[in-house]
Structure formats: structure tokens, C-alpha cells
Amino acid sequence: MTVISANSARLNIGRQETLRRQFPGWVSVWLWGVAILVIAMVVVGGTTRLTGSGLSITEWRPVTGALPPLSEADWLAEFARYQASPQYHLLNAGMSLADFKSIFWWEWGHRQLGRFIGLVYVAGFAIGLLRRTFPLGVALRLGGMGLLLGFQGLIGWVMVASGLKAGMTAVEPVDLAAHLLFASLFLVTVVAMATRLGRAASAGRVDDRSVPILPRLIVLMVLVQLVLGALVAGSHAGLIYNSWPDMDGRFVPPLPELFASSPWWANLFENVTLIQLDHRLGAYVLVGLALWNAIAWPRRGSGRASLAPLAWLVALLALAQMGLGIFTLLFAVPLHAALGHQLLAMFVLVAAVRLAVLTRLSGEEAVSTAASPLAAHVATR
């Protein structure tokens, strides 16, 4: 057993050095650049939604849609297509061409940024494959992430199409939530990969029982909150119950009001009272988990002690996010506050993912470090 442990330690150390040699600096810059672009995409998407611009382009043209209208005739044709949409007839009847252009550019910019992210990701992935930078396991993961990014674009069009149905003036809240969820999942994978490759931890396995579950639970809770927040935004639930900590004098509305629709589960996606209450409760749970995690973080005698500042950063960001959410609610969702709330949510997610990944990597390194003295002892015998 001693010889096996020593060989395992040598193998882990060798794998660390191999990983460090395998990934040049541009890989980390590429992945973090994609992450920054995704965060920018979320903010631009939020602005597009809040300005009512998301349905201004009524066709999905992945290639030719990259070009905006270039002549007066092109603008009139694009405007005519929008004038045939339900949103125009129900909300914007009589809109001028100049006003249409102002909402058109937001949606066009949103789609262009999505195309640019795809090009940046594919370019980096292709360069890595041509240079044989990525081992098979990493290449397969990056390929899967690329498919996730493409699927996210498809969901974006499904979302827009839901708002073009008869009688609709905005996209379906569930589709909006799905769009944000998959964007967030892609961001999670990018940040996790960038963190892992940048740290170049050992490729060996670690006993999952040695890895604290709280950091991973916090990531899951942030994703849940993002979905709930999208439902609040899509259903305009932030425009009611603009008081805190109560909801117009009640801390919890009565059950008949929370579950007024049938079947009961439909209330989770359609009942604005329950949607806002769920988002409030989710914020309390997230902040509680983040603070508990930071307070209980090991200070001594652990390879994870150096991550204590990051654990506290996650907790403080979650607390600030809840505070900004309360401000946004009290003032009936002002544009800049709503965008700040969405942006800060992305920072919470990035910090939480890094903490979860680094916590696991520190556990792997601790396994290797614990075995290294034994390897040295055996080598001297």
C-alpha cells in the first residue's frame, strides 16, 4: 500500500506539471473574455427587455440578419413587418419610424453581440484544436459548451417567437426564464473551466465527502434565484407589492391568493403574488447560505483556509444583491436599478462558481500534498 500511495503521489504531481505545460496563457484570456462578453450580453438583453425593444425584429435570420437596414426602403420594409406584430397594434400603434429605429437598434445590437460571442468562442476553440492545445477530455468539454451556446441562441428565438403570437405584447415569462437560465449555465461552464485550467490542479479524483457541499449549494441557489428573477421581470411582478419586508402590510399573503389558479403548479409561473414571494424567500435563503458558509469557513489547518476571503466576497455580494433588489422593488423597478440588479447577479454567480471550483481543487491538491511526504520517505529507503 505504501508503494502504491507513493506512486499515486508522483503521478498526481506529474499531472499537475503536465497541465501547466499544456495550457498557454491565451486559453485563460480567451475563456475569461468569453465570460465578460456573456455578462455584457445579459446586461444588453436586460436593457432590450426593459425598453420594450425585444420584439422589434420579427424574423430570425442567423446570417443575413447581421446586416441592418441600409436604405430608406429597407427601413420601411422592416417597420412594416413590425407593424404587423401584435405588440405594435396593442401598445405602439401610431409609432413613428424614428421611434421604431430606437427600439430596433437595441434588439439588433443584442443579436449582434450574440453572434460575436459565438465567433469568439468558435475561433478560440478552433485555434486550440489546430494547435493541439486541448487534451481529449478538455476538448470534449469545450465542444459540449459550444453546443450549449448554440442551443442558447435557439432558445432566444423561441422566446421572441412566443411574443409574436396573437394577443401578446411581450415574451412568455417562462421562455424568458429559460433564456436567462441557459445563458447562466453557459457562464457557469466557462468560469468553471477557466478557473480549473488556470489553477492547473491535479487530474486525480478526490473523495467527494471531503468537499464541502455549501459552495455548490450556493451556486445552485444563485441559478434558482436567476430563474425566479426572470419570472418576476417577465410577469412584471416587481410593479406590485412595492414595500418591504411586508407585502402591502402582509408578510405572507393568504394561501387562496397564492394559489388562485388551477392546477396549483401553474401559480409558480403565472401568479404574480407567488412569483414575487418566491423571489423574496429565495433571496433570504441565498444570503443565509452565503453568510453561513463564510462564517463557518476553515481558518487554520486546512488547504482551503486561503479561500476564506473569497467565501466572504460571495456573502457580501449576495447581501448587496438583496439590498439592491429591495431598492429596485421599493421604487417600482427604475431602469438603472433593474440593470444593476441583473449585473450584480452575474457577479454573484461568477464568484460563487469560482469558490465552488477552487474548493474542490484545493481538496485535490490537499490529497496530493498529503501523499507527497510519504513518496519522499519511500524514495529514500
# chains A, B, ... in the order shown; residues from 1 in each chain; ligands from 1
>>> select_by_dssp(residues="stretch 4-213 of chain A", states="alpha helix (DSSP H)", output="PyMOL selection string")
chain A and resi 4-22+25-50+72-83+86-90+97-130+136-162+173-199
>>> write_last_selection(atoms="C-alpha atoms", output="compact mmCIF listing (two decimals), in the first residue's frame")
# COMPACT_ATOMS: atom_id res chain seq x y z
CA ILE A 4 1.02 2.39 -4.34
CA SER A 5 0.45 5.62 -2.40
CA ALA A 6 3.89 6.87 -3.31
CA ASN A 7 3.37 6.11 -7.00
CA SER A 8 -0.05 7.81 -6.88
CA ALA A 9 1.52 10.93 -5.36
CA ARG A 10 4.20 11.04 -8.05
CA LEU A 11 1.52 10.61 -10.72
CA ASN A 12 -0.58 13.49 -9.34
CA ILE A 13 2.42 15.80 -9.19
CA GLY A 14 3.39 14.82 -12.72
CA ARG A 15 -0.14 15.53 -13.95
CA GLN A 16 -0.05 18.98 -12.39
CA GLU A 17 3.15 19.84 -14.24
CA THR A 18 1.73 18.40 -17.48
CA LEU A 19 -1.39 20.55 -17.21
CA ARG A 20 0.69 23.65 -16.56
CA ARG A 21 2.66 23.00 -19.74
CA GLN A 22 -0.42 22.15 -21.81
CA GLY A 25 -1.85 31.94 -21.24
CA TRP A 26 -4.11 32.77 -24.17
CA VAL A 27 -6.53 29.99 -23.18
CA SER A 28 -7.29 31.67 -19.87
CA VAL A 29 -7.60 35.09 -21.57
CA TRP A 30 -9.96 33.58 -24.15
CA LEU A 31 -12.24 31.93 -21.62
CA TRP A 32 -12.40 34.93 -19.29
CA GLY A 33 -13.00 37.16 -22.32
CA VAL A 34 -15.98 34.99 -23.29
CA ALA A 35 -17.26 35.20 -19.70
CA ILE A 36 -17.08 39.02 -19.78
CA LEU A 37 -18.92 39.06 -23.10
CA VAL A 38 -21.67 36.83 -21.70
CA ILE A 39 -22.11 39.17 -18.74
CA ALA A 40 -22.33 42.11 -21.13
CA MET A 41 -24.87 40.15 -23.16
CA VAL A 42 -27.07 39.68 -20.10
CA VAL A 43 -26.99 43.43 -19.40
CA VAL A 44 -27.75 44.33 -23.02
CA GLY A 45 -30.54 41.75 -23.03
CA GLY A 46 -31.97 43.29 -19.87
CA THR A 47 -31.88 46.74 -21.44
CA THR A 48 -33.56 45.37 -24.55
CA ARG A 49 -36.37 43.92 -22.47
CA LEU A 50 -36.83 46.94 -20.21
CA GLU A 72 -34.89 54.05 -46.60
CA ALA A 73 -36.72 51.26 -48.44
CA ASP A 74 -35.11 48.67 -46.16
CA TRP A 75 -36.20 50.61 -43.07
CA LEU A 76 -39.76 50.91 -44.32
CA ALA A 77 -39.89 47.17 -45.04
CA GLU A 78 -38.56 46.34 -41.57
CA PHE A 79 -41.01 48.76 -40.00
CA ALA A 80 -43.89 47.22 -41.96
CA ARG A 81 -43.03 43.79 -40.58
CA TYR A 82 -43.11 45.20 -37.05
CA GLN A 83 -46.41 46.97 -37.75
CA PRO A 86 -49.42 42.21 -32.00
CA GLN A 87 -47.15 44.42 -29.90
CA TYR A 88 -47.43 47.26 -32.39
CA HIS A 89 -51.23 47.08 -32.58
CA LEU A 90 -51.75 46.72 -28.82
CA LEU A 97 -40.27 55.41 -37.96
CA ALA A 98 -37.78 57.32 -35.81
CA ASP A 99 -39.20 55.76 -32.65
CA PHE A 100 -39.07 52.35 -34.27
CA LYS A 101 -35.40 52.81 -35.09
CA SER A 102 -34.63 53.49 -31.41
CA ILE A 103 -36.01 50.12 -30.31
CA PHE A 104 -34.73 48.31 -33.40
CA TRP A 105 -31.09 49.16 -32.65
CA TRP A 106 -31.27 47.67 -29.14
CA GLU A 107 -32.54 44.32 -30.42
CA TRP A 108 -30.16 44.35 -33.38
CA GLY A 109 -27.24 45.10 -31.06
CA HIS A 110 -28.34 42.30 -28.75
CA ARG A 111 -28.35 39.81 -31.60
CA GLN A 112 -25.03 41.08 -32.95
CA LEU A 113 -23.39 40.64 -29.57
CA GLY A 114 -24.70 37.08 -29.51
CA ARG A 115 -23.15 36.43 -32.93
CA PHE A 116 -19.87 37.97 -31.77
CA ILE A 117 -19.75 35.73 -28.68
CA GLY A 118 -20.29 32.71 -30.89
CA LEU A 119 -17.49 33.78 -33.25
CA VAL A 120 -15.06 34.43 -30.38
CA TYR A 121 -15.83 31.08 -28.79
CA VAL A 122 -15.58 29.09 -32.04
CA ALA A 123 -12.35 30.89 -33.01
CA GLY A 124 -10.66 30.12 -29.71
CA PHE A 125 -11.83 26.52 -29.78
CA ALA A 126 -10.67 26.05 -33.38
CA ILE A 127 -7.25 27.55 -32.66
CA GLY A 128 -6.84 25.25 -29.67
CA LEU A 129 -7.76 22.20 -31.75
CA LEU A 130 -5.41 23.15 -34.61
CA LEU A 136 -9.26 14.91 -25.48
CA GLY A 137 -11.22 15.31 -22.23
CA VAL A 138 -10.94 19.10 -22.24
CA ALA A 139 -11.72 19.30 -25.97
CA LEU A 140 -14.91 17.28 -25.49
CA ARG A 141 -15.99 19.52 -22.63
CA LEU A 142 -15.31 22.66 -24.64
CA GLY A 143 -17.20 21.19 -27.59
CA GLY A 144 -20.18 20.48 -25.35
CA MET A 145 -20.02 24.04 -24.07
CA GLY A 146 -20.13 25.28 -27.67
CA LEU A 147 -23.27 23.24 -28.28
CA LEU A 148 -24.79 24.76 -25.14
CA LEU A 149 -24.02 28.22 -26.50
CA GLY A 150 -25.68 27.40 -29.82
CA PHE A 151 -28.72 25.99 -28.04
CA GLN A 152 -28.93 29.22 -26.08
CA GLY A 153 -29.27 31.15 -29.34
CA LEU A 154 -32.07 28.86 -30.45
CA ILE A 155 -33.90 29.40 -27.15
CA GLY A 156 -33.56 33.13 -27.73
CA TRP A 157 -35.53 32.89 -30.95
CA VAL A 158 -38.14 30.60 -29.36
CA MET A 159 -38.53 33.29 -26.70
CA VAL A 160 -39.01 36.04 -29.29
CA ALA A 161 -41.47 33.90 -31.25
CA SER A 162 -43.59 33.50 -28.10
CA PRO A 173 -42.11 34.74 -18.77
CA VAL A 174 -41.19 31.04 -18.80
CA ASP A 175 -39.33 31.45 -22.10
CA LEU A 176 -37.53 34.49 -20.71
CA ALA A 177 -36.53 32.47 -17.65
CA ALA A 178 -35.26 29.62 -19.83
CA HIS A 179 -33.26 32.09 -21.95
CA LEU A 180 -31.55 33.54 -18.87
CA LEU A 181 -31.04 30.13 -17.27
CA PHE A 182 -29.17 28.68 -20.25
CA ALA A 183 -27.09 31.85 -20.58
CA SER A 184 -26.19 31.47 -16.91
CA LEU A 185 -25.41 27.77 -17.31
CA PHE A 186 -23.04 28.59 -20.16
CA LEU A 187 -21.39 31.24 -17.99
CA VAL A 188 -21.03 28.67 -15.19
CA THR A 189 -19.22 26.25 -17.51
CA VAL A 190 -16.92 28.95 -18.88
CA VAL A 191 -15.95 30.26 -15.43
CA ALA A 192 -15.50 26.74 -14.08
CA MET A 193 -13.27 25.74 -17.00
CA ALA A 194 -11.24 28.97 -16.82
CA THR A 195 -10.75 28.51 -13.08
CA ARG A 196 -9.77 24.85 -13.38
CA LEU A 197 -7.33 25.34 -16.26
CA GLY A 198 -5.87 28.43 -14.66
CA ARG A 199 -5.26 26.60 -11.40
>>> closest_residue(among="A:Leu317, A:Ala170, A:Ile57, A:Leu286", to="A:Met346", atoms="only C-alpha atoms")
A:Leu317
